[in-house]
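Asker: Next comes run_27.pdb, PDB, C-alpha atoms, pLDDT in the B column:
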```pdb
ATOM      1  CA  MET A   1     103.680 -33.209 -52.582  1.00 49.00           C
ATOM      2  CA  ASN A   2     103.329 -31.923 -56.107  1.00 50.00           C
ATOM      3  CA  ALA A   3     103.534 -28.137 -56.423  1.00 52.00           C
ATOM      4  CA  ALA A   4     100.953 -28.055 -59.241  1.00 56.00           C
ATOM      5  CA  LYS A   5      98.290 -29.942 -57.275  1.00 64.00           C
ATOM      6  CA  PRO A   6      97.095 -28.544 -53.917  1.00 70.00           C
ATOM      7  CA  SER A   7      96.823 -30.929 -50.995  1.00 87.00           C
ATOM      8  CA  ALA A   8      93.478 -32.548 -50.289  1.00 87.00           C
ATOM      9  CA  THR A   9      93.055 -30.444 -47.143  1.00 88.00           C
ATOM     10  CA  ILE A  10      93.562 -27.173 -49.010  1.00 92.00           C
ATOM     11  CA  TRP A  11      91.230 -28.285 -51.800  1.00 92.00           C
ATOM     12  CA  TYR A  12      88.506 -29.310 -49.305  1.00 93.00           C
ATOM     13  CA  THR A  13      88.860 -26.024 -47.424  1.00 93.00           C
ATOM     14  CA  MET A  14      88.632 -23.967 -50.617  1.00 95.00           C
ATOM     15  CA  LEU A  15      85.487 -25.820 -51.682  1.00 95.00           C
ATOM     16  CA  ARG A  16      83.975 -25.435 -48.224  1.00 96.00           C
ATOM     17  CA  VAL A  17      84.623 -21.674 -48.238  1.00 97.00           C
ATOM     18  CA  GLY A  18      83.162 -21.490 -51.750  1.00 97.00           C
ATOM     19  CA  ILE A  19      79.964 -23.196 -50.641  1.00 97.00           C
ATOM     20  CA  PHE A  20      79.703 -20.810 -47.684  1.00 97.00           C
ATOM     21  CA  ILE A  21      80.209 -17.739 -49.889  1.00 97.00           C
ATOM     22  CA  GLY A  22      77.600 -19.045 -52.324  1.00 97.00           C
ATOM     23  CA  SER A  23      75.179 -19.574 -49.447  1.00 97.00           C
ATOM     24  CA  LEU A  24      75.959 -16.104 -48.124  1.00 95.00           C
ATOM     25  CA  VAL A  25      75.160 -14.515 -51.480  1.00 95.00           C
ATOM     26  CA  PHE A  26      72.006 -16.609 -51.822  1.00 95.00           C
ATOM     27  CA  VAL A  27      70.732 -15.663 -48.354  1.00 93.00           C
ATOM     28  CA  GLY A  28      71.647 -12.025 -48.942  1.00 91.00           C
ATOM     29  CA  LEU A  29      69.552 -12.023 -52.104  1.00 91.00           C
ATOM     30  CA  LEU A  30      66.644 -13.682 -50.310  1.00 91.00           C
ATOM     31  CA  VAL A  31      66.758 -11.001 -47.616  1.00 89.00           C
ATOM     32  CA  GLN A  32      67.149  -8.205 -50.161  1.00 87.00           C
ATOM     33  CA  PHE A  33      64.057  -9.314 -52.091  1.00 88.00           C
ATOM     34  CA  GLY A  34      62.041  -9.770 -48.888  1.00 85.00           C
ATOM     35  CA  ILE A  35      61.607 -13.553 -49.148  1.00 88.00           C
ATOM     36  CA  VAL A  36      63.353 -14.030 -45.785  1.00 83.00           C
ATOM     37  CA  PRO A  37      62.795 -11.526 -42.942  1.00 82.00           C
ATOM     38  CA  LYS A  38      65.608  -9.065 -42.245  1.00 79.00           C
ATOM     39  CA  GLY A  39      65.953  -9.593 -38.507  1.00 75.00           C
ATOM     40  CA  ASN A  40      65.599  -7.098 -35.670  1.00 71.00           C
ATOM     41  CA  GLY A  41      67.337  -3.743 -35.764  1.00 71.00           C
ATOM     42  CA  ASN A  42      71.032  -3.974 -36.550  1.00 67.00           C
ATOM     43  CA  SER A  43      71.121  -7.793 -36.489  1.00 71.00           C
ATOM     44  CA  ASN A  44      70.662  -8.113 -40.250  1.00 84.00           C
ATOM     45  CA  PHE A  45      74.304  -8.948 -41.038  1.00 87.00           C
ATOM     46  CA  ILE A  46      74.568 -11.485 -38.215  1.00 89.00           C
ATOM     47  CA  TRP A  47      71.248 -13.031 -39.285  1.00 88.00           C
ATOM     48  CA  ILE A  48      72.514 -13.449 -42.854  1.00 91.00           C
ATOM     49  CA  ILE A  49      75.780 -15.052 -41.711  1.00 93.00           C
ATOM     50  CA  LEU A  50      74.057 -17.469 -39.330  1.00 93.00           C
ATOM     51  CA  LEU A  51      71.505 -18.469 -41.946  1.00 93.00           C
ATOM     52  CA  ALA A  52      74.287 -18.999 -44.504  1.00 95.00           C
ATOM     53  CA  LEU A  53      76.143 -21.223 -42.016  1.00 96.00           C
ATOM     54  CA  VAL A  54      73.013 -23.276 -41.391  1.00 96.00           C
ATOM     55  CA  ILE A  55      72.533 -23.747 -45.143  1.00 96.00           C
ATOM     56  CA  SER A  56      76.171 -24.379 -46.075  1.00 97.00           C
ATOM     57  CA  ALA A  57      76.928 -26.982 -43.376  1.00 96.00           C
ATOM     58  CA  PRO A  58      74.618 -29.750 -44.655  1.00 96.00           C
ATOM     59  CA  LEU A  59      75.448 -28.870 -48.259  1.00 96.00           C
ATOM     60  CA  SER A  60      79.157 -29.290 -47.526  1.00 95.00           C
ATOM     61  CA  TYR A  61      78.514 -32.543 -45.711  1.00 95.00           C
ATOM     62  CA  VAL A  62      76.660 -34.033 -48.666  1.00 95.00           C
ATOM     63  CA  LEU A  63      78.471 -32.466 -51.620  1.00 95.00           C
ATOM     64  CA  LEU A  64      82.061 -32.773 -50.370  1.00 94.00           C
ATOM     65  CA  ARG A  65      82.064 -36.424 -49.284  1.00 95.00           C
ATOM     66  CA  LYS A  66      84.632 -37.424 -51.931  1.00 93.00           C
ATOM     67  CA  GLN A  67      86.991 -34.588 -51.013  1.00 92.00           C
ATOM     68  CA  ARG A  68      86.596 -35.315 -47.282  1.00 91.00           C
ATOM     69  CA  ASP A  69      87.495 -38.985 -47.864  1.00 92.00           C
ATOM     70  CA  ALA A  70      90.553 -37.961 -49.895  1.00 90.00           C
ATOM     71  CA  MET A  71      91.632 -35.567 -47.153  1.00 90.00           C
ATOM     72  CA  SER A  72      91.172 -38.277 -44.518  1.00 89.00           C
ATOM     73  CA  ALA A  73      93.239 -40.755 -46.526  1.00 89.00           C
ATOM     74  CA  GLN A  74      96.011 -38.191 -46.945  1.00 88.00           C
ATOM     75  CA  ILE A  75      96.063 -37.406 -43.214  1.00 88.00           C
ATOM     76  CA  VAL A  76      96.082 -41.111 -42.280  1.00 90.00           C
ATOM     77  CA  GLY A  77      99.041 -41.658 -44.609  1.00 85.00           C
ATOM     78  CA  LYS A  78     100.991 -38.825 -43.018  1.00 85.00           C
ATOM     79  CA  VAL A  79     100.210 -40.061 -39.499  1.00 88.00           C
ATOM     80  CA  GLU A  80     101.326 -43.593 -40.378  1.00 88.00           C
ATOM     81  CA  SER A  81     104.543 -42.213 -41.868  1.00 85.00           C
ATOM     82  CA  ALA A  82     105.211 -40.166 -38.724  1.00 86.00           C
ATOM     83  CA  LYS A  83     104.557 -43.218 -36.531  1.00 87.00           C
ATOM     84  CA  ALA A  84     106.973 -45.308 -38.609  1.00 85.00           C
ATOM     85  CA  LYS A  85     109.683 -42.634 -38.301  1.00 87.00           C
ATOM     86  CA  LEU A  86     109.115 -42.386 -34.560  1.00 87.00           C
ATOM     87  CA  GLU A  87     109.349 -46.163 -34.170  1.00 84.00           C
ATOM     88  CA  ALA A  88     112.550 -46.241 -36.245  1.00 82.00           C
ATOM     89  CA  ASN A  89     114.067 -43.551 -34.031  1.00 81.00           C
ATOM     90  CA  ARG A  90     113.055 -45.448 -30.901  1.00 80.00           C
ATOM     91  CA  SER A  91     114.640 -48.661 -32.150  1.00 76.00           C
ATOM     92  CA  GLN A  92     117.884 -46.790 -32.909  1.00 75.00           C
ATOM     93  CA  GLU A  93     117.893 -45.342 -29.389  1.00 62.00           C
ATOM     94  CA  ASP A  94     117.218 -48.762 -27.849  1.00 60.00           C
ATOM     95  CA  GLY A  95     120.133 -50.241 -29.809  1.00 59.00           C
ATOM     96  CA  VAL A  96     122.531 -47.560 -28.515  1.00 58.00           C
ATOM     97  CA  VAL A  97     121.487 -47.981 -24.881  1.00 54.00           C
ATOM     98  CA  GLN A  98     121.890 -51.756 -24.809  1.00 52.00           C
TER      99      GLN A  98
END
```
Kindly present the structure from the file in structure tokens form.

Answerer:
Amino acid sequence: MNAAKPSATIWYTMLRVGIFIGSLVFVGLLVQFGIVPKGNGNSNFIWIILLALVISAPLSYVLLRKQRDAMSAQIVGKVESAKAKLEANRSQEDGVVQ
């Protein structure tokens, strides 16, 4: 792994958090200007967070497809490498036993 370039998982997570924060600010502004109702009593903050989650989830799904595919490819490569190492260790153990 190159130190200058973050892994695909870290990059995807940072982008996902960024989309959520953007949605949170957007919903907060909508509530502040009265476009979206504030909620009941003290539930305003929870209402804003839930609405931001509902907005950011489909946005992340659509906008981050490329990053999600890159992350998946990176994880598959690491799993295949781990499986190959495990199989190599097993074959060494089988050779010693026989």

Asker: Could you work out how far CA of Val17 in chain A lies from CA of Ile75 in chain A, giving the answer in Å with one decimal?

Answerer: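 Taking CA of Ile75 in chain A as the start and CA of Val17 in chain A as the end point, the length is 20.1 Å.
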
Asker: Find the residues near Lys38 in chain A: any atom within 12 Å, counting only C-alpha atoms, skip ones fewer than 4 places away on the same chain, and give them as a ChimeraX atom specification.

Answerer: /A:27-34,42-49,51

Asker: Would you compute the distance between CA of Gln67 in chain A and CA of Phe20 in chain A? Give it in Å to one decimal.

Answerer: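 The value is 15.9 Å.
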
Asker: Please write as an MDAnalysis selection string the list of polymer residues whose atoms come within 12 Å of (97.8, -41.4, -46.5), counting only C-alpha atoms and keeping to the coordinates of the file.

Answerer: chainID A and resid 1 7:9 69:82

Asker: What does the structure give for the distance between CA of Gly41 in chain A and CA of Gly22 in chain A, in Å to one decimal?

Answerer: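 So the answer is 24.8 Å.
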
Asker: Pick the closest to Ser23 in chain A from A:Ser56, A:Asn40, A:Pro6, A:Glu87: which is it, counting all atoms listed in the file?

Answerer: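 Smallest separation from Ser23 in chain A among the options: A:Ser56.
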
Asker: I need the residue nearest Ile55 in chain A from this list: A:Arg16, A:Arg68, A:Ala88, A:Pro37. Use all atoms listed in the file for the distance.

Answerer: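 Checking each of A:Arg16, A:Arg68, A:Ala88, A:Pro37 against Ile55 in chain A, counting all atoms listed in the file, the winner is A:Arg16.
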